[in-house]
Amino acid sequence: MIEDYIKRRRGETPIKYDLPHLEEILKETYGVILYQEQVMKIANKLANFSMAQADTLRWAMGKKKIEVMEKLEGAFVHGAKLNRIPEKKAAKLFNDMAHFAEYGFNKSHSAAYAFTSYRTVYLKSHYPVEFMAAALSSDMDNTEKVVSYINECKEMNIAILPPDINESERDFKITGNSIRFGLEAVKGVGSSAIEAILEARSGKRFTSFIDFCMSMDSKRVNKKVIESLIKAGAMDSMGKRAQMMFALNSILDTALRSQRIKVSGQGSMFELHQPSESMLPNMEEWKEQELLMMEKEAIGFYITGHPLSRYEEKLKEFSVIPTCELQDMQDKDEVNIGGMLRNIKRIQVKRTGDLMAYYTIEDMYGTVEVTVFSDLYRESASTIAQDTPLLIRGQINKTDKGLKVIARKIVPIEDAIQNPEEFKNAKCGRKVPMGQRPFSGMRNAKLQAPTPNSHPKLTLTLYTDTDSENLARLKDILAKHIGDCPVYLKIISPRQWETLILTEQYVTPSQETISEAEEILGKGTAVLS
């Protein structure tokens with residue numbers, strides 16, 4: 001319905017009304033039901049509902065109250081028949097109204113949403129750094145949203161800087177074309193501690209880790225707070241994280257004694273008790289994996305890197321789909337996903353007594369829950385532990401409770417790299433969302449690498465954000481040049497993945513076909529091989 005409305009609005013599709021009675025009610029929305037008020041008017045004018053009954057109908061449709069809708073459907077059809085509307089058309093109209101309820105708003109809300117959306121898009125477009133900093137600050141207690149915003153910042157070429165004890169404010173802060181993490185985003189650092197840090201920093205900078213410890217009010221900035229700051233990387237300008245964590249106890253004890261001596265007025269007698277840089281031992285920094293795990297513990301996600309980064313190229317080879325793109329897949333689609341095993345919830349199956357599990361898998365973009373049934377859990381449990389990088393083949397499972405992946409095979413990524421053929425040859429992988437698919441036949445398209453043969457094939461390169469108008473034009477061109485040459489689509493995502501799809505289209509392998517396709521997709525996007 002939404003696409004139909006857009007096409008009618010643009011004049012691409014003629015405006016039509018299933019019943020003449022609807023023109024007066026639906027004229028402003030080009031014959032498409034968009035507003036809840038229109039549902040109420042239709043029920044009132046065409047089926048003789050009172051406005052109270054019409055409001056009940058609107059409510060029942062919006063809340064999917066099936067029993068109420070079934071009762072009202074009979075009254076609607078009966079009332080419409082009294083107005084000389086055929087029963088079949090009345091029943092169809094009722095079903096159209098019920099379908100509308102999946103996305104409909106009342107008119108005043110629609111106007112407010114549109115106005116707010118326009119302003120939001122304007123600000124994001126013209127003030128991207130300021131907009132993203134505000135978005136991060138407003139949701140800094142929602143890890144999933146913050147991860148999503150950070151990934152969006154990367155796509156917008158906005159650098160996210162880690163927290164810094166001398167630079168960070170309470171909220172996310174703009175620094176040139178970058179955004180600096182706010183201190184409040186660090187777990188275990190509460191408002192009182194942040195206030196103490198900002199007060200001590202007022203008009204000066206902390207010159208060293210020892211200077212910081214000496215400057216702090218130990219009642220508000222305790223050992224646990226400082227540990228969180230070290231793990232989050234907020235002290236990196238003052239030394240190695242391993243070094244500061246190792247020396248923290250002795251430095252805090254010395255700083256506390258020194259502060260007590262100063263309060264007692266005996267400072268001159270105990271100058272030798274001042275902490276010194278020699279208290280920081282010369283030692284190796286933690287390994288990258290340990291640094292990242294500490295970062296994750298302190299902030300809830302990674303900033304300076306990600307444990308999956310070193311597998312990035314391999315994940316592409318295995319056609320792994322980022323978790324943020326799983327919603328674009330269809331129910332029961334086969335997928336490969338890759339990520340860190342963050343949580344295991346084991347369940348005992350009542351009927352058999354066997355164990356099954358729900359895994360939380362985290363990649364660089366978010367998390368997804370994976371259902372692991374008993375046989376697979378029994379087979380894979382001995383080789384899998386928490387924080388293991390895994391490769392999982394499974395099936396999308398969309399329900400009212402959300403999206404899960406039902407696992408078919410689970411292996412550590414390292415094992416998959418050693419024996420890659422099974423995952424590389426799997427007939428699953430990224431698909432274009434239904435609203436963006438250029439050809440109806442693509443739903444059942446085979447995903448495969450091209451194999452050398454004697455027959456020519458046409459490969460067209462396009463991006464997932466190619467607009468629907470150009471896709472429709474492309475389809476018409478291919479239909480015009482029907483032949484025996486198969487057409488492959490090389491689809492590229494802004495998030496740096498790509499896949500090759502064999503469509504059900506066959507064309508004449510001519511220069512004319514290539515030229516017309518390149519007029520739409522751009523020079524060099526159509527290759528005959």
# chains A, B, ... in the order shown; residues from 1 in each chain; ligands from 1
call {"tool": "residues_around", "arguments": {"residues": "His78 (chain A)", "least_positions_apart": "5", "cutoff": "12 Å", "atoms": "only C-alpha atoms", "output": "PyMOL selection string"}}
result
chain A and resi 43+46-49+71-73+83-91+94
call {"tool": "select_by_dssp", "arguments": {"residues": "region 349-408 of chain A", "states": "helix (DSSP H, G or I)", "output": "PyMOL selection string"}}
result
chain A and resi 374-383
call {"tool": "residues_around", "arguments": {"residues": "Met214 (chain A)", "least_positions_apart": "5", "cutoff": "10 Å", "atoms": "only C-alpha atoms", "output": "PyMOL selection string"}}
result
chain A and resi 206+208-209+251-252+254-256+258-259+274-275
call {"tool": "select_by_dssp", "arguments": {"residues": "region 76-245 of chain A", "states": "strand (DSSP E or B)", "output": "JSON, numbers by chain"}}
result
{"A": [105, 159, 160, 161, 173, 174, 175, 178, 179, 180]}
call {"tool": "residues_around", "arguments": {"residues": "Gly483 (chain A)", "least_positions_apart": "5", "cutoff": "6 Å", "atoms": "only C-alpha atoms", "output": "short mmCIF file (atom, residue, chain, number, x, y, z; two decimals) with C-alpha atoms, in the first residue's frame"}}
result
data_model
loop_
_atom_site.label_atom_id
_atom_site.label_comp_id
_atom_site.auth_asym_id
_atom_site.auth_seq_id
_atom_site.Cartn_x
_atom_site.Cartn_y
_atom_site.Cartn_z
CA TYR A 506 18.49 -14.28 -19.67
CA VAL A 507 19.51 -11.67 -22.25
CA THR A 508 21.13 -11.23 -25.64
#
call {"tool": "closest_residue", "arguments": {"among": "A:Ala479, A:Thr499, A:Thr464, A:Asn44", "to": "Ile321 (chain A)", "atoms": "only C-alpha atoms"}}
result
A:Thr499
call {"tool": "residues_around", "arguments": {"residues": "region 410-414 of chain A", "least_positions_apart": "4", "cutoff": "12 Å", "atoms": "only C-alpha atoms", "output": "MDAnalysis selection string"}}
result
chainID A and resid 307:308 310:312 314:315 318 320 336:341 359 361 370:373 375:394 405:406 418:420 422:423
call {"tool": "closest_residue", "arguments": {"among": "A:Thr116, A:Lys41, A:Asn249, A:Met244", "to": "Trp286 (chain A)", "atoms": "only C-alpha atoms"}}
result
A:Met244
call {"tool": "closest_residue", "arguments": {"among": "A:Tyr463, A:Tyr35, A:Tyr113, A:Phe172", "to": "Leu136 (chain A)", "atoms": "only C-alpha atoms"}}
result
A:Phe172
call {"tool": "closest_residue", "arguments": {"among": "A:Ala196, A:Leu460, A:Ile303, A:Ala185", "to": "Lys154 (chain A)", "atoms": "only C-alpha atoms"}}
result
A:Ile303
call {"tool": "closest_residue", "arguments": {"among": "A:Thr29, A:Gln289, A:Thr360, A:Ser110", "to": "Ile344 (chain A)", "atoms": "only C-alpha atoms"}}
result
A:Thr360
call {"tool": "closest_residue", "arguments": {"among": "A:Glu284, A:Asp484, A:Glu152, A:Glu144", "to": "Pro509 (chain A)", "atoms": "only C-alpha atoms"}}
result
A:Asp484
call {"tool": "atom_distance", "arguments": {"atom1": "CA of Met245 (chain A)", "atom2": "CA of Glu297 (chain A)"}}
result
14.7 Å
call {"tool": "atom_distance", "arguments": {"atom1": "CA of Phe105 (chain A)", "atom2": "CA of Met61 (chain A)"}}
result
11.7 Å
call {"tool": "residues_around", "arguments": {"residues": "Leu22 (chain A)", "least_positions_apart": "4", "cutoff": "8 Å", "atoms": "only C-alpha atoms", "output": "list in words"}}
result
Tyr17, Asp18, Leu26, Lys27, Gly31 and Ile42 of chain A
call {"tool": "atom_distance", "arguments": {"atom1": "CA of Asp253 (chain A)", "atom2": "CA of Ser202 (chain A)"}}
result
24.6 Å
